[in-house]
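K.L.:
So that you have it, the file is model_13.cif, and it contains mmCIF, C-alpha atoms:
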data_run
loop_
_atom_site.label_atom_id
_atom_site.label_comp_id
_atom_site.auth_asym_id
_atom_site.auth_seq_id
_atom_site.Cartn_x
_atom_site.Cartn_y
_atom_site.Cartn_z
CA MET A 375 107.35 90.57 162.71
CA ASN A 376 106.39 93.20 160.13
CA ARG A 377 103.62 91.41 158.27
CA GLU A 378 104.39 93.30 155.06
CA MET A 379 107.78 91.54 155.00
CA GLU A 380 106.85 88.09 156.28
CA GLY A 381 106.68 85.06 154.01
CA PHE A 382 105.05 81.67 154.13
CA ALA A 383 106.95 80.74 157.31
CA GLY A 384 105.32 83.74 158.95
CA LEU A 385 101.88 82.58 157.84
CA GLU A 386 102.56 79.19 159.38
CA LEU A 387 103.44 80.82 162.69
CA ARG A 388 100.22 82.82 162.52
CA MET A 389 98.10 79.73 161.86
CA ALA A 390 99.67 77.64 164.65
CA GLY A 391 97.15 77.08 167.42
CA ASP A 392 94.23 78.33 165.32
CA ALA A 393 93.52 75.31 163.17
CA LYS A 394 90.75 75.92 160.65
CA THR A 395 88.77 73.06 159.16
CA ILE A 396 89.21 72.24 155.49
CA ALA A 397 86.44 70.41 153.61
CA VAL A 398 88.10 68.22 150.99
CA ALA A 399 85.80 67.32 148.10
CA GLY A 400 86.82 64.02 146.52
CA ALA A 401 89.39 63.06 149.15
CA ARG A 402 91.63 60.67 147.27
CA GLY A 403 94.98 60.69 145.50
CA GLU A 404 98.52 60.45 146.83
CA GLN A 405 99.36 64.11 146.14
CA VAL A 406 96.23 65.34 147.88
CA PHE A 407 96.90 63.28 150.99
CA ALA A 408 100.60 64.14 151.07
CA ALA A 409 99.60 67.82 151.31
CA LEU A 410 97.00 67.08 153.98
CA ALA A 411 99.45 65.00 156.02
CA GLU A 412 102.04 67.78 155.95
CA ALA A 413 99.50 70.37 157.12
CA GLY A 414 98.19 67.99 159.77
CA LYS A 415 101.70 67.25 161.05
CA ARG A 416 102.30 70.98 161.50
CA GLY A 417 99.04 71.38 163.42
CA ILE A 418 97.67 74.16 161.21
CA ALA A 419 94.46 72.52 159.99
CA SER A 420 91.88 69.83 160.62
CA PHE A 421 90.00 68.03 157.87
CA ARG A 422 86.60 66.78 156.83
CA LEU A 423 87.17 64.24 154.07
CA PHE A 424 84.36 63.67 151.56
CA GLY A 425 84.58 60.57 149.38
CA ASP A 426 84.65 56.79 149.49
CA ARG A 427 85.22 55.68 153.08
CA GLU A 428 87.50 52.73 152.37
CA GLU A 429 89.53 54.65 149.82
CA ILE A 430 90.04 57.51 152.27
CA ARG A 431 91.20 55.11 154.99
CA ARG A 432 93.79 53.59 152.64
CA TYR A 433 95.13 57.01 151.67
CA MET A 434 95.25 58.15 155.30
CA THR A 435 97.31 55.09 156.21
CA GLY A 436 99.62 55.46 153.22
CA SER A 437 100.24 59.18 153.73
CA GLY A 438 100.56 59.16 157.49
CA LEU A 439 97.57 61.48 157.98
CA LYS A 440 96.54 60.60 161.51
CA GLU A 441 93.29 62.53 161.95
CA GLY A 442 90.38 63.49 159.76
CA GLU A 443 86.62 63.13 159.84
CA ILE A 444 85.52 60.81 157.04
CA VAL A 445 82.17 61.56 155.37
CA HIS A 446 81.26 58.73 153.01
CA CYS A 447 80.00 59.82 149.59
CA SER A 448 79.01 57.51 146.75
CA ASN A 449 80.08 59.76 143.85
CA ASP A 450 81.81 63.02 142.94
CA GLN A 451 78.61 65.07 142.84
CA GLU A 452 77.66 64.01 146.36
CA ALA A 453 81.20 64.75 147.56
CA CYS A 454 81.03 68.27 146.11
CA ASP A 455 77.53 68.88 147.44
CA ARG A 456 78.35 67.78 150.98
CA ALA A 457 81.72 69.55 151.11
CA VAL A 458 80.11 72.81 149.96
CA ASP A 459 77.28 72.26 152.46
CA ALA A 460 79.85 71.90 155.24
CA VAL A 461 81.34 75.30 154.47
CA ALA A 462 77.93 76.95 154.01
CA GLU A 463 76.69 75.55 157.31
CA GLY A 464 79.86 76.42 159.25
CA SER A 465 81.25 72.97 160.03
CA ALA A 466 84.22 73.76 157.78
CA ASP A 467 85.98 77.04 157.03
CA LEU A 468 87.16 76.56 153.44
CA LEU A 469 87.11 74.20 150.49
CA MET A 470 89.85 72.13 148.94
CA LYS A 471 89.59 70.30 145.65
CA GLY A 472 90.59 66.66 145.79
CA LYS A 473 90.12 64.29 142.85
CA VAL A 474 86.92 65.78 141.48
CA PRO A 475 86.49 67.75 138.24
CA THR A 476 87.24 71.43 138.86
CA PRO A 477 84.12 72.69 136.98
CA LEU A 478 81.90 70.40 139.05
CA LEU A 479 83.19 71.74 142.37
CA LEU A 480 83.10 75.40 141.31
CA LYS A 481 79.59 75.08 139.84
CA THR A 482 78.40 73.50 143.08
CA LEU A 483 79.99 76.33 145.04
CA LEU A 484 78.42 79.07 142.91
CA ASN A 485 75.00 77.45 143.12
CA ARG A 486 75.02 77.69 146.92
CA ARG A 487 73.41 81.04 147.73
CA GLU A 488 75.06 81.41 151.14
CA LEU A 489 78.50 81.27 149.52
CA ASN A 490 77.61 83.27 146.43
CA PRO A 491 75.14 85.99 147.43
CA GLY A 492 76.27 88.48 144.81
CA HIS A 493 76.93 86.31 141.74
CA ALA A 494 80.67 86.26 142.33
CA LEU A 495 83.31 86.24 139.65
CA LEU A 496 85.79 83.53 140.55
CA SER A 497 89.42 84.40 139.89
CA HIS A 498 92.82 82.92 140.65
CA CYS A 499 95.52 84.70 142.61
CA LEU A 500 99.06 83.35 142.66
CA VAL A 501 101.04 84.58 145.67
CA LEU A 502 104.83 84.50 145.49
CA GLU A 503 107.34 85.08 148.26
CA LYS A 504 109.88 87.69 147.14
CA PRO A 505 113.57 86.94 147.82
CA GLY A 506 113.91 90.05 149.99
CA GLY A 507 110.76 89.30 151.98
CA GLY A 508 107.08 90.00 151.52
CA PHE A 509 104.58 88.77 148.96
CA LEU A 510 103.83 89.50 145.31
CA GLY A 511 100.42 88.60 143.88
CA ILE A 512 99.60 87.85 140.24
CA SER A 513 96.01 87.68 138.99
CA ASP A 514 94.39 86.28 136.97
CA GLY A 515 96.49 83.50 135.49
CA GLY A 516 94.03 80.69 136.05
CA MET A 517 90.34 81.48 135.67
CA VAL A 518 89.20 84.53 133.64
CA MET A 519 90.56 84.29 130.11
CA HIS A 520 90.07 87.80 128.73
CA PRO A 521 88.83 90.09 131.53
CA GLY A 522 87.30 93.43 130.63
CA VAL A 523 87.07 96.47 132.85
CA GLU A 524 84.26 95.15 135.05
CA GLU A 525 85.91 91.75 135.47
CA LYS A 526 89.18 93.46 136.39
CA ARG A 527 87.33 95.49 139.03
CA ARG A 528 86.28 92.26 140.70
CA ILE A 529 89.66 90.62 140.26
CA ILE A 530 91.25 93.63 141.96
CA GLY A 531 88.72 93.43 144.80
CA SER A 532 89.35 89.73 145.44
CA SER A 533 93.13 90.10 145.32
CA VAL A 534 93.04 93.09 147.66
CA ASP A 535 90.89 91.13 150.14
CA LEU A 536 93.50 88.39 150.17
CA PHE A 537 96.37 90.82 150.69
CA HIS A 538 94.54 92.48 153.56
CA ALA A 539 94.31 89.02 155.17
CA LEU A 540 98.05 88.62 154.54
CA GLY A 541 98.63 91.78 156.55
CA ILE A 542 99.09 94.41 153.80
CA PRO A 543 96.80 97.30 154.85
CA ARG A 544 96.78 99.18 151.53
CA PRO A 545 98.10 97.00 148.72
CA ARG A 546 99.64 98.64 145.67
CA VAL A 547 97.97 97.24 142.54
CA ALA A 548 99.74 97.58 139.17
CA LEU A 549 97.70 97.12 135.99
CA LEU A 550 100.13 95.63 133.51
CA SER A 551 100.55 96.54 129.87
CA ALA A 552 103.44 96.61 127.42
CA THR A 553 104.03 100.29 128.15
CA GLU A 554 102.94 103.02 130.54
CA GLN A 555 101.40 104.93 127.64
CA VAL A 556 97.70 104.62 126.78
CA ASN A 557 97.37 103.13 123.31
CA GLU A 558 94.01 102.42 121.71
CA LYS A 559 95.54 99.37 120.01
CA LEU A 560 96.32 97.88 123.43
CA PRO A 561 92.95 97.29 125.16
CA GLU A 562 94.70 96.49 128.43
CA SER A 563 96.18 99.99 128.45
CA THR A 564 92.79 101.67 127.99
CA ASP A 565 91.26 99.37 130.64
CA ALA A 566 94.07 100.32 133.00
CA ASP A 567 93.56 104.01 132.34
CA LEU A 568 89.83 103.75 133.11
CA LEU A 569 90.45 101.82 136.33
CA THR A 570 93.16 104.25 137.47
CA ARG A 571 90.80 107.17 136.87
CA ALA A 572 88.13 105.34 138.87
CA TRP A 573 90.60 104.95 141.73
CA GLU A 574 91.46 108.66 141.56
CA GLU A 575 87.73 109.43 141.84
CA GLY A 576 87.34 107.36 145.00
CA ASP A 577 86.80 103.78 143.88
CA PHE A 578 89.04 101.11 145.42
CA PRO A 579 89.59 103.00 148.72
CA ARG A 580 91.36 100.02 150.29
CA CYS A 581 94.31 100.02 147.91
CA ILE A 582 96.35 102.03 145.40
CA VAL A 583 95.64 101.35 141.72
CA GLN A 584 97.98 102.45 138.94
CA GLY A 585 98.18 101.74 135.24
CA PRO A 586 98.93 101.15 132.56
CA MET A 587 102.35 100.06 133.80
CA ALA A 588 105.07 98.05 132.13
CA LEU A 589 106.36 95.24 134.33
CA ASP A 590 109.70 96.92 134.98
CA LEU A 591 108.00 99.99 136.45
CA ALA A 592 105.84 97.81 138.69
CA VAL A 593 108.76 95.94 140.25
CA SER A 594 111.89 98.10 139.81
CA ARG A 595 112.44 101.49 141.45
CA ASP A 596 115.54 101.96 139.29
CA SER A 597 113.42 101.64 136.14
CA CYS A 598 111.00 104.26 137.45
CA GLU A 599 113.87 106.66 138.10
CA ALA A 600 115.49 105.99 134.71
CA LYS A 601 112.20 106.57 132.85
CA GLY A 602 111.11 109.50 135.00
CA TYR A 603 107.92 107.70 135.95
CA GLU A 604 106.06 109.62 138.65
CA GLY A 605 103.15 107.33 139.49
CA LYS A 606 102.10 106.26 142.97
CA ILE A 607 103.78 102.89 142.50
CA GLN A 608 107.56 103.13 142.29
CA GLY A 609 108.70 99.58 141.66
CA ASP A 610 106.97 98.41 144.85
CA ALA A 611 103.77 96.80 143.57
CA ASP A 612 102.16 94.19 145.80
CA ILE A 613 99.73 92.87 143.19
CA LEU A 614 100.14 92.60 139.42
CA ILE A 615 96.93 92.46 137.37
CA ALA A 616 97.71 90.70 134.11
CA PRO A 617 96.07 91.67 130.80
CA ASP A 618 94.77 88.15 130.24
CA ILE A 619 95.07 84.58 131.47
CA THR A 620 98.01 83.76 129.18
CA ALA A 621 100.14 86.65 130.41
CA GLY A 622 99.30 85.97 134.05
CA ASN A 623 99.97 82.26 133.76
CA ALA A 624 103.28 82.72 131.92
CA LEU A 625 104.51 85.41 134.32
CA GLY A 626 103.72 83.32 137.38
CA LYS A 627 105.32 80.15 136.03
CA ALA A 628 108.41 82.07 134.90
CA LEU A 629 108.96 83.40 138.41
CA ILE A 630 108.46 79.94 139.94
CA TYR A 631 110.40 77.81 137.48
CA LEU A 632 113.06 80.21 136.19
CA ALA A 633 113.58 82.54 139.16
CA GLY A 634 112.93 80.04 141.95
CA TYR A 635 110.21 81.99 143.77
CA ALA A 636 108.18 80.04 146.33
CA GLY A 637 104.47 80.31 145.66
CA GLY A 638 100.94 79.11 146.21
CA GLY A 639 97.53 79.98 144.84
CA LEU A 640 93.82 80.24 145.59
CA ILE A 641 90.49 80.56 143.82
CA LEU A 642 88.86 83.72 145.17
CA GLY A 643 85.58 85.56 144.80
CA ALA A 644 83.00 83.54 146.74
CA LYS A 645 82.44 83.67 150.50
CA ALA A 646 85.00 80.93 151.05
CA PRO A 647 88.39 80.52 149.34
CA VAL A 648 89.09 77.35 147.37
CA ILE A 649 92.42 75.52 147.57
CA LEU A 650 93.06 74.00 144.17
CA LEU A 651 96.33 72.08 143.88
CA SER A 652 98.06 71.45 140.56
CA ARG A 653 99.60 68.06 139.78
CA SER A 654 102.87 69.86 139.00
CA ASP A 655 103.01 71.69 142.34
CA SER A 656 105.89 70.75 144.62
CA ALA A 657 105.15 69.57 148.16
CA ARG A 658 106.11 73.04 149.40
CA GLU A 659 103.80 74.77 146.92
CA LYS A 660 100.92 72.57 148.04
CA LEU A 661 101.56 73.52 151.66
CA ASN A 662 101.84 77.20 150.68
CA SER A 663 98.43 77.06 148.99
CA ILE A 664 96.92 75.53 152.12
CA LEU A 665 98.54 78.28 154.23
CA LEU A 666 97.08 80.94 151.93
CA GLY A 667 93.63 79.39 152.16
CA LEU A 668 93.77 79.22 155.95
CA THR A 669 94.96 82.84 156.12
CA ALA A 670 92.21 84.01 153.77
CA ALA A 671 89.59 82.15 155.79
CA ALA A 672 90.89 83.66 159.03
CA GLY A 673 90.84 87.10 157.44
CA GLY A 674 87.23 86.86 156.36
CA ASN A 675 88.02 86.86 152.63
CA THR A 676 85.00 88.04 150.64
CA GLN A 677 84.55 89.76 147.32
CA GLU A 678 83.43 93.35 147.81
CA GLU A 679 82.37 95.81 145.19
CA PRO A 680 84.84 98.67 144.87
CA GLY A 681 83.71 102.11 145.83
#
So that I can check it, write out the structure of this file as structure tokens.
P.N.:
Amino acid sequence: MNREMEGFAGLELRMAGDAKTIAVAGARGEQVFAALAEAGKRGIASFRLFGDREEIRRYMTGSGLKEGEIVHCSNDQEACDRAVDAVAEGSADLLMKGKVPTPLLLKTLLNRRELNPGHALLSHCLVLEKPGGGFLGISDGGMVMHPGVEEKRRIIGSSVDLFHALGIPRPRVALLSATEQVNEKLPESTDADLLTRAWEEGDFPRCIVQGPMALDLAVSRDSCEAKGYEGKIQGDADILIAPDITAGNALGKALIYLAGYAGGGLILGAKAPVILLSRSDSAREKLNSILLGLTAAAGGNTQEEPG
């Protein structure tokens, strides 16, 4: 299969027979265990479950999760510490947030030098399966509220790492704005112009970076032809970099809830990806996020400086 056109079903085929180990911090909650049971049933992952032993046993029985190593922890901080330790020491390949506070888990992760050697910027990448095949990434709709140029550099780097793991050798990255024209009153347009110039001068060698771009130019070849747009991206962007968290979040949710795109997401930037499931995610979205995390871990996802 052409990996540039495969979807989540293709990722599942890739992961079959190469089960990575997920360290689940705060392993409790029906939604968490439903996702784990589905992944376990498909044979794509094994689990180390950090939390209260008796609680974990009850959830395993209730969800039908048949296998998982239980590591008893007396509180959320211990669960986060030991789950992060497992990834740092190599007994697990990636992290998954259970029922622990998100800031607690991410702070614990960033404080572990082996997983954060370069003071990583954590960002969120939503990955959607396009109706015609292939993936579309949107970042950052979940972590960095108002990224500047340097934050966008790192967000681009993390997203590109993920898309390399997905099988896209040179992802096309569109820097979104309201228009393709540079306008000093639109900071996202001037940021995009600076980053595009940096790409032209040799930064970001592992991808194509273009901006500022209106959304229609990033995803519609017809719009590019109608507007006479001659950039390197002609409606075929792989990754959309949003101006801020509000735009990224709204765009992603619109495609999921209004257009029916299948999706999943990850927290990127450290040495190990983090699977962070939303309460509103469907069962399929939860499984998709696990598939993305396993693929990123198999692909050696790390945040690299551009250049």
K.L.:
Please list as a PyMOL selection string every residue within 12 Å of A:Ser532, counting all atoms listed in the file and excluding residues in the same chain fewer than 5 positions away.
P.N.:
chain A and resi 494-500+511-514+525-527+537-539+545+547+578+580-581+613+615+640-647+670+674-680
K.L.:
Please write the residues picked by the PyMOL selection byres ((chain A and resi 556) around 12) on this file as JSON, numbers by chain.
P.N.:
{"A": [549, 550, 551, 552, 553, 554, 555, 557, 558, 559, 560, 561, 562, 563, 564, 565, 566, 567, 568, 570, 585, 586, 587, 588]}
K.L.:
At what distance in Å, to one decimal, does atom CA of A:Gly516 lie from atom CA of A:Gln608?
P.N.:
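Between atom CA of A:Gln608 and atom CA of A:Gly516 the gap works out to 26.9 Å.
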K.L.:
The PyMOL selection byres ((chain A and resi 541) around 12) - which residues does that actually catch in the file I just gave you? List them as a PyMOL selection string.
P.N.:
chain A and resi 375-381+384-385+388+508-509+534-540+542-545+612+666+669-670+672-673
K.L.:
In Å, rounded to a single decimal, give me how far atom CA of A:Ala453 is from atom CA of A:Leu483.
P.N.:
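If I compute the distance from atom CA of A:Leu483 to atom CA of A:Ala453, I get 11.9 Å.
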K.L.:
What separation in Å, quoted to one decimal, exists between atom CA of A:Leu510 and atom CA of A:Leu614?
P.N.:
7.6 Å
K.L.:
Under the PyMOL selection byres ((chain A and resi 436-448) around 7), which residues of this model are included? Write them out as a list in words.
P.N.:
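Output of the PyMOL selection byres ((chain A and resi 436-448) around 7): Phe407, Ala408, Leu410, Ala411, Gly414, Ser420, Phe421, Arg422, Leu423, Phe424, Gly425, Asp426, Arg427, Arg432, Tyr433, Met434, Thr435, Asn449, Glu452 and Ala453 of chain A.
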K.L.:
Just want the 7 Å neighbourhood of stretch 393-396 of chain A, counted on all atoms listed in the file, with same-chain residues fewer than 6 positions away dropped. Output as a count of residues only.
P.N.:
12
K.L.:
Regenerate stretch 467-478 of chain A at the level of all heavy atoms and dump it as a CSV table (one decimal), keeping the file's coordinate frame.
P.N.:
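out_7.csv, freshly written:
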chain,number,residue,atom,x,y,z
A,467,ASP,N,85.7,75.6,157.3
A,467,ASP,CA,86.0,77.0,157.0
A,467,ASP,C,86.3,77.3,155.6
A,467,ASP,O,86.2,78.5,155.1
A,467,ASP,CB,87.2,77.5,157.9
A,467,ASP,CG,86.9,77.3,159.4
A,467,ASP,OD1,86.0,78.1,159.9
A,467,ASP,OD2,87.4,76.4,160.0
A,468,LEU,N,86.8,76.3,154.8
A,468,LEU,CA,87.2,76.6,153.4
A,468,LEU,C,87.2,75.3,152.7
A,468,LEU,O,87.1,74.2,153.3
A,468,LEU,CB,88.5,77.2,153.3
A,468,LEU,CG,89.8,76.5,153.8
A,468,LEU,CD1,91.0,77.1,153.1
A,468,LEU,CD2,90.0,76.6,155.3
A,469,LEU,N,87.2,75.3,151.4
A,469,LEU,CA,87.1,74.2,150.5
A,469,LEU,C,88.5,73.9,149.9
A,469,LEU,O,89.3,74.7,149.7
A,469,LEU,CB,86.2,74.5,149.3
A,469,LEU,CG,84.7,74.4,149.5
A,469,LEU,CD1,84.0,75.0,148.3
A,469,LEU,CD2,84.3,72.9,149.7
A,470,MET,N,88.7,72.6,149.7
A,470,MET,CA,89.8,72.1,148.9
A,470,MET,C,89.4,71.1,147.9
A,470,MET,O,88.6,70.2,148.2
A,470,MET,CB,90.9,71.5,149.9
A,470,MET,CG,92.1,71.0,149.2
A,470,MET,SD,93.4,70.5,150.4
A,470,MET,CE,94.5,69.5,149.4
A,471,LYS,N,89.9,71.3,146.7
A,471,LYS,CA,89.6,70.3,145.6
A,471,LYS,C,90.5,69.1,145.8
A,471,LYS,O,91.7,69.2,145.8
A,471,LYS,CB,89.8,70.9,144.3
A,471,LYS,CG,89.6,70.0,143.1
A,471,LYS,CD,90.0,70.6,141.8
A,471,LYS,CE,90.0,69.7,140.6
A,471,LYS,NZ,91.1,68.6,140.8
A,472,GLY,N,89.9,67.9,145.9
A,472,GLY,CA,90.6,66.7,145.8
A,472,GLY,C,90.6,66.2,144.4
A,472,GLY,O,90.8,66.9,143.4
A,473,LYS,N,90.2,64.9,144.2
A,473,LYS,CA,90.1,64.3,142.8
A,473,LYS,C,88.7,64.3,142.3
A,473,LYS,O,88.0,63.3,142.2
A,473,LYS,CB,90.6,62.9,142.9
A,473,LYS,CG,92.1,62.7,143.1
A,473,LYS,CD,92.9,63.0,141.8
A,473,LYS,CE,94.4,62.7,142.0
A,473,LYS,NZ,95.1,62.9,140.7
A,474,VAL,N,88.2,65.6,142.1
A,474,VAL,CA,86.9,65.8,141.5
A,474,VAL,C,87.2,66.8,140.4
A,474,VAL,O,88.1,67.6,140.4
A,474,VAL,CB,85.8,66.3,142.5
A,474,VAL,CG1,85.5,65.3,143.5
A,474,VAL,CG2,86.3,67.6,143.1
A,475,PRO,N,86.3,66.8,139.3
A,475,PRO,CA,86.5,67.8,138.2
A,475,PRO,C,86.3,69.2,138.8
A,475,PRO,O,85.4,69.5,139.5
A,475,PRO,CB,85.4,67.4,137.3
A,475,PRO,CG,85.0,66.0,137.5
A,475,PRO,CD,85.2,65.8,139.0
A,476,THR,N,87.3,70.0,138.4
A,476,THR,CA,87.2,71.4,138.9
A,476,THR,C,85.9,72.1,138.5
A,476,THR,O,85.3,72.8,139.4
A,476,THR,CB,88.4,72.2,138.3
A,476,THR,OG1,89.6,71.6,138.7
A,476,THR,CG2,88.4,73.7,138.7
A,477,PRO,N,85.4,72.0,137.3
A,477,PRO,CA,84.1,72.7,137.0
A,477,PRO,C,83.0,72.2,137.9
A,477,PRO,O,82.1,73.0,138.2
A,477,PRO,CB,83.9,72.3,135.5
A,477,PRO,CG,85.2,72.0,134.9
A,477,PRO,CD,86.0,71.4,136.1
A,478,LEU,N,83.0,70.9,138.2
A,478,LEU,CA,81.9,70.4,139.0
A,478,LEU,C,81.9,71.0,140.4
A,478,LEU,O,80.9,71.5,141.0
A,478,LEU,CB,82.0,68.9,139.2
A,478,LEU,CG,81.0,68.2,140.1
A,478,LEU,CD1,79.6,68.3,139.5
A,478,LEU,CD2,81.4,66.7,140.2
